[in-house]
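Here is the file my_file02.cif (mmCIF, C-alpha atoms).
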```
data_protein
loop_
_atom_site.label_atom_id
_atom_site.label_comp_id
_atom_site.auth_asym_id
_atom_site.auth_seq_id
_atom_site.Cartn_x
_atom_site.Cartn_y
_atom_site.Cartn_z
CA MET A 27 11.42 3.34 -10.99
CA LYS A 28 10.35 6.74 -12.36
CA LYS A 29 8.44 5.07 -15.20
CA HIS A 30 6.45 2.89 -12.82
CA HIS A 31 6.04 5.48 -10.08
CA LEU A 32 2.22 5.71 -10.18
CA LYS A 33 1.90 1.93 -10.48
CA ILE A 34 3.86 1.54 -7.25
CA TYR A 35 1.64 4.19 -5.65
CA PHE A 36 -1.52 2.33 -6.70
CA ILE A 37 -0.18 -0.99 -5.37
CA ILE A 38 0.55 0.52 -1.94
CA THR A 39 -2.84 2.24 -1.96
CA LEU A 40 -4.59 -1.06 -2.75
CA LEU A 41 -2.84 -2.64 0.25
CA GLN A 42 -3.90 0.30 2.39
CA TYR A 43 -7.57 -0.03 1.38
CA LEU A 44 -7.43 -3.79 1.98
CA ALA A 45 -6.19 -3.15 5.52
CA ALA A 46 -8.79 -0.45 6.15
CA ASN A 47 -11.56 -3.04 5.71
CA PHE A 48 -10.21 -6.00 7.70
CA VAL A 49 -12.28 -5.12 10.80
CA HIS A 50 -15.59 -4.03 9.23
CA PRO A 51 -17.12 -7.53 8.97
CA VAL A 52 -16.44 -8.31 12.65
CA THR A 53 -17.80 -5.01 13.98
CA PRO A 54 -21.39 -6.36 14.30
CA THR A 55 -20.07 -9.27 16.37
CA ILE A 56 -18.12 -6.89 18.64
CA ILE A 57 -21.20 -4.73 19.22
CA HIS A 58 -23.38 -7.77 19.97
CA ASP A 59 -20.76 -9.31 22.28
CA LEU A 60 -20.48 -6.07 24.25
CA GLN A 61 -24.30 -6.00 24.45
CA LEU A 62 -24.55 -2.53 22.94
CA GLY A 63 -27.70 -1.36 21.12
CA ASP A 64 -28.26 -1.75 17.38
CA TYR A 65 -27.93 2.02 17.04
CA MET A 66 -24.26 1.68 17.97
CA PHE A 67 -23.21 0.42 14.53
CA GLY A 68 -24.32 3.68 12.94
CA LEU A 69 -23.06 5.83 15.80
CA ALA A 70 -19.57 4.26 15.80
CA PHE A 71 -19.09 4.75 12.07
CA ALA A 72 -20.55 8.26 12.28
CA GLY A 73 -17.97 9.17 14.95
CA MET A 74 -15.17 8.20 12.60
CA ALA A 75 -16.79 9.94 9.64
CA PHE A 76 -17.45 13.10 11.69
CA THR A 77 -13.80 13.77 12.52
CA ASN A 78 -12.97 12.90 8.91
CA PHE A 79 -15.52 15.53 7.84
CA LEU A 80 -14.36 18.13 10.35
CA PHE A 81 -10.67 17.85 9.54
CA SER A 82 -10.67 17.16 5.79
CA PRO A 83 -10.29 20.86 4.90
CA PHE A 84 -7.59 20.97 7.60
CA TRP A 85 -5.65 18.19 5.85
CA GLY A 86 -6.19 19.93 2.52
CA LYS A 87 -4.64 23.07 4.01
CA MET A 88 -1.79 21.04 5.52
CA ARG A 89 -0.81 20.21 1.94
CA ASP A 90 0.43 23.81 1.77
CA TYR A 91 3.03 22.89 4.36
CA PHE A 92 3.80 19.20 3.83
CA SER A 93 3.91 16.85 0.85
CA CYS A 94 1.31 14.12 0.30
CA ARG A 95 4.05 11.57 0.96
CA LYS A 96 4.44 12.81 4.52
CA LEU A 97 0.70 13.22 5.11
CA LEU A 98 -0.03 9.68 3.89
CA THR A 99 2.64 8.29 6.23
CA VAL A 100 1.23 10.15 9.23
CA GLY A 101 -2.33 9.18 8.25
CA CYS A 102 -1.60 5.46 8.03
CA VAL A 103 0.31 5.29 11.32
CA GLY A 104 -2.33 7.35 13.12
CA TYR A 105 -5.12 5.21 11.70
CA ALA A 106 -3.32 2.08 12.91
CA ALA A 107 -3.11 3.54 16.43
CA GLY A 108 -6.83 4.38 16.34
CA GLN A 109 -7.75 0.84 15.36
CA TYR A 110 -5.66 -0.53 18.24
CA LEU A 111 -7.69 1.72 20.58
CA PHE A 112 -10.86 0.29 19.00
CA PHE A 113 -9.56 -3.23 19.66
CA ILE A 114 -9.06 -2.65 23.40
CA ALA A 115 -12.27 -0.60 23.85
CA LYS A 116 -14.93 -2.22 26.06
CA THR A 117 -17.48 0.56 26.48
CA ALA A 118 -19.54 2.71 24.12
CA GLY A 119 -17.55 5.81 25.13
CA ALA A 120 -14.21 4.14 24.49
CA ILE A 121 -15.39 2.89 21.10
CA MET A 122 -16.56 6.38 20.12
CA PHE A 123 -13.23 7.91 21.15
CA ALA A 124 -11.30 5.31 19.16
CA ARG A 125 -13.44 5.80 16.05
CA CYS A 126 -13.13 9.60 16.24
CA PHE A 127 -9.36 9.25 16.69
CA SER A 128 -9.17 7.04 13.58
CA GLY A 129 -11.36 9.40 11.57
CA PHE A 130 -8.98 12.31 12.18
CA PHE A 131 -6.12 10.43 10.50
CA VAL A 132 -8.29 8.85 7.80
CA GLY A 133 -8.92 12.40 6.60
CA ALA A 134 -5.21 12.76 5.81
CA ILE A 135 -5.30 9.57 3.74
CA SER A 136 -8.52 10.40 1.87
CA VAL A 137 -7.46 13.90 0.85
CA SER A 138 -3.85 13.06 0.02
CA THR A 139 -4.62 10.05 -2.19
CA MET A 140 -6.64 12.23 -4.58
CA VAL A 141 -4.31 15.24 -4.47
CA TYR A 142 -1.30 13.01 -5.18
CA ILE A 143 -2.96 11.71 -8.35
CA MET A 144 -3.80 15.22 -9.50
CA ASP A 145 -0.25 16.40 -8.82
CA PHE A 146 1.52 13.58 -10.65
CA SER A 147 -0.87 12.67 -13.49
CA ARG A 148 -0.79 14.23 -16.92
CA LYS A 149 -3.82 16.45 -17.35
CA GLU A 150 -5.46 14.13 -19.89
CA ARG A 151 -4.94 11.15 -17.54
CA ILE A 152 -6.41 12.61 -14.33
CA SER A 153 -9.95 11.26 -14.88
CA GLN A 154 -8.70 7.79 -15.86
CA ASN A 155 -6.38 7.65 -12.84
CA LEU A 156 -9.22 8.71 -10.54
CA VAL A 157 -11.22 5.78 -11.97
CA VAL A 158 -8.27 3.52 -11.15
CA LEU A 159 -8.32 4.92 -7.60
CA ALA A 160 -12.06 4.22 -7.32
CA VAL A 161 -11.50 0.64 -8.54
CA ILE A 162 -8.74 0.22 -5.96
CA GLN A 163 -11.00 1.57 -3.22
CA SER A 164 -13.79 -0.83 -4.15
CA LEU A 165 -11.50 -3.83 -4.62
CA GLY A 166 -9.76 -3.06 -1.35
CA ALA A 167 -13.10 -2.80 0.43
CA ALA A 168 -14.37 -6.04 -1.10
CA PHE A 169 -11.36 -8.28 -0.61
CA GLY A 170 -10.35 -6.63 2.66
CA TYR A 171 -13.86 -7.36 3.83
CA LEU A 172 -13.55 -10.97 2.63
CA THR A 173 -10.22 -11.44 4.41
CA GLY A 174 -11.53 -9.90 7.62
CA GLY A 175 -14.75 -11.90 7.45
CA LEU A 176 -12.95 -15.22 7.06
CA LEU A 177 -10.35 -14.32 9.69
CA GLY A 178 -13.02 -13.06 12.09
CA VAL A 179 -14.66 -16.50 12.18
CA VAL A 180 -11.38 -17.87 13.57
CA SER A 181 -10.13 -14.93 15.67
CA ILE A 182 -11.39 -11.35 16.03
CA PRO A 183 -8.11 -10.14 17.64
CA ALA A 184 -6.21 -11.49 14.62
CA ALA A 185 -8.24 -9.20 12.32
CA PHE A 186 -7.25 -6.16 14.39
CA ILE A 187 -3.59 -7.17 14.60
CA LEU A 188 -3.41 -7.73 10.85
CA GLN A 189 -5.09 -4.39 10.19
CA SER A 190 -2.88 -2.25 12.41
CA SER A 191 0.37 -3.90 11.30
CA THR A 192 -0.55 -3.59 7.61
CA LEU A 193 -1.45 0.09 7.99
CA VAL A 194 1.92 0.80 9.62
CA LEU A 195 3.61 -1.07 6.75
CA CYS A 196 1.72 1.05 4.22
CA GLY A 197 2.84 4.23 5.97
CA LEU A 198 6.44 3.06 5.71
CA LEU A 199 6.06 2.13 2.03
CA TYR A 200 4.49 5.50 1.21
CA PHE A 201 7.42 7.23 2.89
CA LEU A 202 10.02 5.14 1.07
CA PHE A 203 8.58 5.01 -2.46
CA LEU A 204 6.49 8.14 -3.05
CA LYS A 205 7.79 11.41 -4.45
CA ASP A 206 7.72 14.72 -2.60
CA ASN A 207 5.40 16.96 -4.60
CA ALA A 208 5.97 20.69 -4.33
CA ASP A 209 6.19 21.43 -0.63
CA THR A 210 5.56 24.44 1.54
CA LYS A 211 4.05 27.56 0.07
CA THR A 212 4.29 29.12 3.53
CA ASN A 213 6.97 28.79 6.16
CA PRO A 214 5.68 26.26 8.75
CA HIS A 215 8.14 27.64 11.28
CA GLN A 216 6.10 30.82 11.70
CA PRO A 217 3.83 29.51 14.51
CA LYS A 218 1.26 32.32 14.49
CA ALA A 219 0.48 32.09 10.77
CA PHE A 220 0.73 28.30 10.82
CA PHE A 221 -1.87 27.76 13.56
CA LYS A 222 -4.17 30.37 12.04
CA ASP A 223 -4.09 28.65 8.65
CA ILE A 224 -4.64 25.09 9.95
CA ASN A 225 -7.68 26.02 12.04
CA PRO A 226 -10.27 23.46 10.78
CA ILE A 227 -13.12 25.96 11.00
CA LYS A 228 -11.20 28.55 8.96
CA SER A 229 -10.41 25.84 6.42
CA PHE A 230 -14.12 25.53 5.61
CA PHE A 231 -14.34 29.21 4.76
CA ASP A 232 -11.42 28.82 2.37
CA CYS A 233 -13.87 27.13 -0.03
CA GLY A 234 -15.03 30.62 -0.99
CA ILE A 235 -11.84 30.91 -3.03
CA PHE A 236 -13.11 28.41 -5.60
CA MET A 237 -16.85 28.03 -4.95
CA THR A 238 -19.30 28.83 -7.78
CA PRO A 239 -23.03 28.05 -8.18
CA ALA A 240 -22.15 25.11 -10.44
CA PHE A 241 -19.69 23.79 -7.85
CA ALA A 242 -22.32 24.20 -5.11
CA LEU A 243 -24.83 22.07 -7.04
CA LEU A 244 -22.17 19.47 -7.72
CA PHE A 245 -21.20 19.27 -4.04
CA ALA A 246 -24.88 18.98 -3.11
CA ALA A 247 -25.07 15.96 -5.45
CA VAL A 248 -21.95 14.54 -3.78
CA LEU A 249 -23.51 15.01 -0.34
CA PHE A 250 -26.79 13.25 -1.11
CA SER A 251 -25.14 10.44 -3.07
CA TYR A 252 -22.90 9.60 -0.13
CA LEU A 253 -25.81 9.92 2.31
CA GLY A 254 -27.61 7.28 0.26
CA SER A 255 -24.61 5.08 -0.40
CA ASN A 256 -23.49 4.90 3.22
CA ALA A 257 -26.99 4.46 4.63
CA PHE A 258 -27.33 1.45 2.34
CA ASP A 259 -23.87 0.08 3.03
CA GLN A 260 -24.10 0.42 6.80
CA CYS A 261 -27.37 -1.49 7.00
CA PHE A 262 -26.77 -4.08 4.29
CA ASN A 263 -24.54 -6.36 6.38
CA TYR A 264 -26.74 -6.05 9.46
CA TYR A 265 -29.83 -6.75 7.37
CA LEU A 266 -28.22 -9.92 5.97
CA LYS A 267 -27.38 -11.02 9.52
CA ASP A 268 -30.79 -10.13 11.01
CA GLN A 269 -33.06 -11.10 8.15
CA PHE A 270 -31.25 -14.11 6.67
CA GLY A 271 -28.88 -15.16 9.49
CA LEU A 272 -25.70 -14.93 7.39
CA SER A 273 -22.31 -15.01 9.15
CA SER A 274 -19.37 -12.64 8.59
CA ALA A 275 -17.85 -15.22 6.20
CA TYR A 276 -20.92 -15.06 3.93
CA ASN A 277 -20.93 -11.26 4.15
CA GLY A 278 -17.28 -11.21 3.15
CA SER A 279 -17.93 -13.50 0.19
CA ILE A 280 -20.71 -11.24 -1.04
CA LYS A 281 -18.34 -8.25 -0.75
CA ALA A 282 -15.75 -10.13 -2.83
CA ILE A 283 -18.34 -10.69 -5.58
CA ILE A 284 -19.11 -6.97 -5.41
CA GLY A 285 -15.40 -6.28 -5.87
CA VAL A 286 -15.27 -8.28 -9.09
CA ILE A 287 -18.39 -6.52 -10.37
CA THR A 288 -16.82 -3.17 -9.48
CA LEU A 289 -13.65 -3.98 -11.39
CA ILE A 290 -15.59 -4.96 -14.51
CA ALA A 291 -18.04 -2.04 -14.32
CA ASN A 292 -15.39 0.63 -13.77
CA SER A 293 -12.98 -0.68 -16.41
CA THR A 294 -15.72 -0.87 -19.06
CA ILE A 295 -18.92 1.10 -18.44
CA CYS A 296 -17.35 3.87 -16.37
CA MET A 297 -14.43 4.47 -18.72
CA TRP A 298 -16.83 4.55 -21.71
CA ILE A 299 -19.03 7.12 -19.93
CA ILE A 300 -16.05 9.37 -19.18
CA ARG A 301 -14.63 9.19 -22.71
CA LYS A 302 -17.75 9.15 -24.88
CA THR A 303 -20.65 10.88 -23.12
CA ASN A 304 -21.72 14.08 -21.39
CA LEU A 305 -20.31 13.27 -17.95
CA GLN A 306 -22.78 15.28 -15.88
CA LYS A 307 -25.88 13.99 -17.67
CA SER A 308 -24.65 10.38 -17.57
CA SER A 309 -23.85 10.70 -13.87
CA SER A 310 -27.43 11.77 -13.18
CA TYR A 311 -28.70 8.66 -15.01
CA VAL A 312 -26.38 6.43 -12.95
CA LEU A 313 -27.58 8.00 -9.69
CA THR A 314 -31.20 7.53 -10.78
CA ALA A 315 -30.46 3.87 -11.51
CA CYS A 316 -29.02 3.52 -7.98
CA GLY A 317 -32.27 4.77 -6.47
CA ILE A 318 -34.52 2.64 -8.68
CA SER A 319 -32.50 -0.54 -8.05
CA ILE A 320 -32.83 -0.06 -4.26
CA PHE A 321 -36.63 0.23 -4.46
CA THR A 322 -36.71 -2.82 -6.76
CA MET A 323 -34.59 -4.81 -4.28
CA LEU A 324 -37.12 -4.18 -1.49
CA MET A 325 -39.80 -5.95 -3.53
CA PHE A 326 -38.06 -9.32 -2.94
CA PRO A 327 -38.30 -10.83 0.57
CA SER A 328 -36.33 -14.01 -0.25
CA LEU A 329 -32.53 -14.20 -0.23
CA ILE A 330 -31.54 -15.01 -3.83
CA PRO A 331 -33.55 -12.33 -5.71
CA PHE A 332 -32.67 -9.84 -2.94
CA ILE A 333 -28.95 -10.46 -3.42
CA VAL A 334 -29.16 -10.40 -7.23
CA THR A 335 -30.92 -7.02 -7.18
CA ALA A 336 -28.50 -5.72 -4.56
CA LEU A 337 -25.61 -6.64 -6.86
CA ILE A 338 -27.23 -4.58 -9.62
CA PHE A 339 -27.32 -1.65 -7.19
CA PHE A 340 -23.67 -2.16 -6.27
CA THR A 341 -22.76 -2.05 -9.96
CA PHE A 342 -24.24 1.44 -10.34
CA ASN A 343 -22.96 2.43 -6.89
CA ALA A 344 -19.39 1.58 -7.93
CA ILE A 345 -19.69 3.71 -11.07
CA PHE A 346 -21.01 6.92 -9.54
CA ILE A 347 -17.98 7.45 -7.27
CA PRO A 348 -15.32 7.93 -10.00
CA LEU A 349 -17.84 9.86 -12.11
CA LEU A 350 -18.38 12.46 -9.39
CA GLN A 351 -14.65 12.59 -8.64
CA SER A 352 -13.99 13.22 -12.33
CA LEU A 353 -16.64 15.94 -12.45
CA VAL A 354 -15.01 17.73 -9.51
CA ALA A 355 -11.50 17.28 -10.90
CA GLY A 356 -12.61 18.47 -14.36
CA ARG A 357 -13.81 21.77 -12.92
CA THR A 358 -10.74 22.29 -10.77
CA LYS A 359 -8.42 24.76 -12.48
CA GLU A 360 -6.39 25.67 -9.36
CA HIS A 361 -6.38 25.19 -5.57
CA ALA A 362 -6.63 21.42 -6.06
CA ASN A 363 -5.72 20.70 -2.45
CA LEU A 364 -8.51 22.96 -1.14
CA VAL A 365 -11.06 21.57 -3.61
CA MET A 366 -10.25 17.96 -2.78
CA GLY A 367 -10.16 18.74 0.93
CA PHE A 368 -13.65 20.23 0.64
CA TYR A 369 -14.80 17.31 -1.55
CA ASN A 370 -13.66 14.86 1.11
CA ALA A 371 -15.35 16.94 3.81
CA VAL A 372 -18.68 16.86 1.94
CA LYS A 373 -18.25 13.14 1.29
CA SER A 374 -17.51 12.56 4.98
CA LEU A 375 -20.55 14.61 5.99
CA GLY A 376 -22.60 12.26 3.84
CA LEU A 377 -20.97 9.30 5.58
CA VAL A 378 -21.76 10.81 8.99
CA GLY A 379 -25.38 11.56 8.12
CA GLY A 380 -25.93 8.26 6.32
CA ALA A 381 -24.56 6.20 9.22
CA LEU A 382 -26.41 8.18 11.91
CA ILE A 383 -29.77 8.24 10.15
CA ALA A 384 -29.51 4.58 9.13
CA GLY A 385 -28.63 3.53 12.68
CA LEU A 386 -31.45 5.57 14.20
CA ILE A 387 -34.24 4.45 11.86
CA TYR A 388 -33.13 0.81 11.55
CA GLY A 389 -34.81 -0.02 14.87
CA PHE A 390 -38.14 1.36 13.65
CA GLY A 391 -38.10 -0.70 10.48
CA LYS A 392 -35.32 -2.71 8.91
CA THR A 393 -36.14 -1.49 5.39
CA LEU A 394 -36.36 2.20 6.30
CA PRO A 395 -32.63 2.92 5.77
CA PHE A 396 -32.91 1.45 2.25
CA ILE A 397 -35.91 3.65 1.45
CA PHE A 398 -34.00 6.66 2.75
CA ALA A 399 -31.01 5.71 0.58
CA GLY A 400 -33.14 5.41 -2.55
CA ILE A 401 -34.65 8.86 -2.01
CA CYS A 402 -31.20 10.40 -1.46
CA PHE A 403 -29.92 9.01 -4.77
CA LEU A 404 -32.89 10.47 -6.64
CA ILE A 405 -32.32 13.88 -5.00
CA SER A 406 -28.64 13.70 -5.96
CA ALA A 407 -29.58 12.97 -9.57
CA PHE A 408 -31.90 15.99 -9.53
CA PHE A 409 -29.06 18.34 -8.49
CA LEU A 410 -26.97 17.19 -11.43
CA ARG A 411 -29.84 17.92 -13.81
CA VAL A 412 -30.23 21.55 -12.65
CA LYS A 413 -28.84 23.87 -15.33
CA LYS A 414 -26.39 26.37 -13.89
CA LYS A 415 -23.31 28.00 -15.39
#
```
Would you write out, as structure tokens, the structure that this file holds?
Amino acid sequence: MKKHHLKIYFIITLLQYLAANFVHPVTPTIIHDLQLGDYMFGLAFAGMAFTNFLFSPFWGKMRDYFSCRKLLTVGCVGYAAGQYLFFIAKTAGAIMFARCFSGFFVGAISVSTMVYIMDFSRKERISQNLVVLAVIQSLGAAFGYLTGGLLGVVSIPAAFILQSSTLVLCGLLYFLFLKDNADTKTNPHQPKAFFKDINPIKSFFDCGIFMTPAFALLFAAVLFSYLGSNAFDQCFNYYLKDQFGLSSAYNGSIKAIIGVITLIANSTICMWIIRKTNLQKSSSYVLTACGISIFTMLMFPSLIPFIVTALIFFTFNAIFIPLLQSLVAGRTKEHANLVMGFYNAVKSLGLVGGALIAGLIYGFGKTLPFIFAGICFLISAFFLRVKKK
């Protein structure tokens, strides 16, 4: 059991990321059926990402009081409840409330998954295990999307029921099989100090403990890369539906192909980059390739060359995530929970901005979100090339 502890953790985490993506392919259908505007797809995701952004430092601080095992359990059960609220929502306001509710608990999952790896991995294995986590995230997204897409053709309620029940199961499995890493540095039974420390606004200012100019540039690169990645991802499925008339089943199949590409790219190219090259310089090249591949994709109006070029983009897109995570982890000497909480906050801010901007400009031109995404990736690459000690 002890020998295979992290393997068990990764298996549960894969199941959790599968469940997290069961509903994504049916969301466009829900929005169309409720006769809400096209902007709603970006706004709904941005609501979830906003509370994730706002409370990520909060969840990082909560690690001072509770173990990742407990936070992951609470996060999964809370996320399941939020998705049930999304299922029964019939108005734009109800959908936004449900997505914000989910985003609050997703923050606990996002922060704790990375901190748990850093707490229980040998120092020389942290980067490799973060790559494994990135592979799991991408595979979970791809095959969760495929499952949800195929199930959504038959029954949209079934996709929601499967998602919520699986998330609750994951919370239970985390609680039963994970270890309790070092708990409370502060007594949580001192209410005054406790509520002062977990204030989400105060948590942002805690970044001053570890922030340096080099860290600031790195987090700027993280921000713009996630702005670009999410703007692309949010519009890609809608573009396939609007431009080429593809159903959720086709979208899910494409996501599954992306998952296989991700697995191959991260287990070969990404691991080679981490072990054999200058990580920061190579990351800037990967981000540049993301931007160039997007602009190349827009040159093809027909389906097949569009998809082929998009898959090239997704290959580079899959690689940059573990590279940036490894860069952040490699510079983290202490305060890992605060650093990863801030990392997740910056990432979530990129998700918020990417979804909002993509949703707003999509109505003015269906290729505009892709152009925006390409520019963001090039800006991100620039920040990694700036020399700063």
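Contact shell of Phe201 in chain A at 10 Å (only C-alpha atoms; same-chain neighbours under 6 positions omitted): Cys94, Arg95, Lys96, Leu97, Leu98, Thr99, Val100 and Leu195 of chain A.
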Residues matched by the PyMOL selection byres ((chain A and resi 342) around 8), written as a PyMOL selection string: chain A and resi 312-313+315-316+338-341+343-346
Proximity of range 294-396 of chain A to range 152-156 of chain A: per-residue shortest pair, 12 Å limit, all atoms listed in the file, as a tab-separated table:
```
residue	atom	partner	partner_atom	distance
A:Thr294	CA	A:Gln154	CA	11.6
A:Cys296	CA	A:Gln154	CA	9.5
A:Met297	CA	A:Gln154	CA	7.2
A:Trp298	CA	A:Gln154	CA	10.5
A:Ile299	CA	A:Gln154	CA	11.1
A:Ile300	CA	A:Ser153	CA	7.7
A:Arg301	CA	A:Gln154	CA	9.2
A:Leu305	CA	A:Ser153	CA	11.0
A:Ile345	CA	A:Leu156	CA	11.6
A:Phe346	CA	A:Leu156	CA	12.0
A:Ile347	CA	A:Leu156	CA	9.4
A:Pro348	CA	A:Leu156	CA	6.2
A:Leu349	CA	A:Ser153	CA	8.5
A:Leu350	CA	A:Leu156	CA	10.0
A:Gln351	CA	A:Leu156	CA	6.9
A:Ser352	CA	A:Ser153	CA	5.2
A:Leu353	CA	A:Ser153	CA	8.5
A:Val354	CA	A:Ser153	CA	9.8
A:Ala355	CA	A:Ser153	CA	7.4
A:Gly356	CA	A:Ser153	CA	7.7
A:Arg357	CA	A:Ser153	CA	11.4
A:Thr358	CA	A:Ile152	CA	11.2
```
Chain and number of each residue from the PyMOL selection byres ((chain A and resi 140) around 12), as a ChimeraX atom specification: /A:35-36,39,86,89,94,98,133-139,141-147,152-153,155-160,163,348,351-352,354-355,362-370
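The shortest atom-to-atom distance to Phe81 in chain A, with only C-alpha atoms taken into account, belongs to A:Cys126 out of A:Leu177, A:Val49, A:Cys126, A:Leu40.
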Near-Ala124 in chain A list (8 Å; only C-alpha atoms; drop same-chain fewer than 5 positions) as a ChimeraX atom specification: /A:108-109,111-112,115
Evaluate the PyMOL selection byres ((chain A and resi 45) around 12) and report residues as number ranges by chain: A: 38-44, 46-50, 102, 105-106, 109, 163, 165-174, 185-197
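Across A:Ala384, A:Ile397, A:Ala118, A:Leu410, the tightest approach to Gly68 in chain A is made by A:Ala384 when counting only C-alpha atoms.
Closest approach to Leu382 in chain A among A:Phe203, A:Tyr311, A:Phe332, A:Phe398 is made by A:Phe398 (distances from all atoms listed in the file).
The shortest atom-to-atom distance to Lys392 in chain A, with only C-alpha atoms taken into account, belongs to A:Cys261 out of A:Val161, A:Ile280, A:Cys261, A:Ala371.
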Coordinates-based distance that separates CA of His361 in chain A from CA of Ser82 in chain A (Å, one decimal): 14.6 Å
d(CA of Leu289 in chain A, CA of Tyr265 in chain A) in Å: 24.9 Å
Of the listed residues A:Ala120, A:Leu329, A:Glu360, A:Phe113, that which approaches Lys267 in chain A most closely, counting all atoms listed in the file: A:Leu329
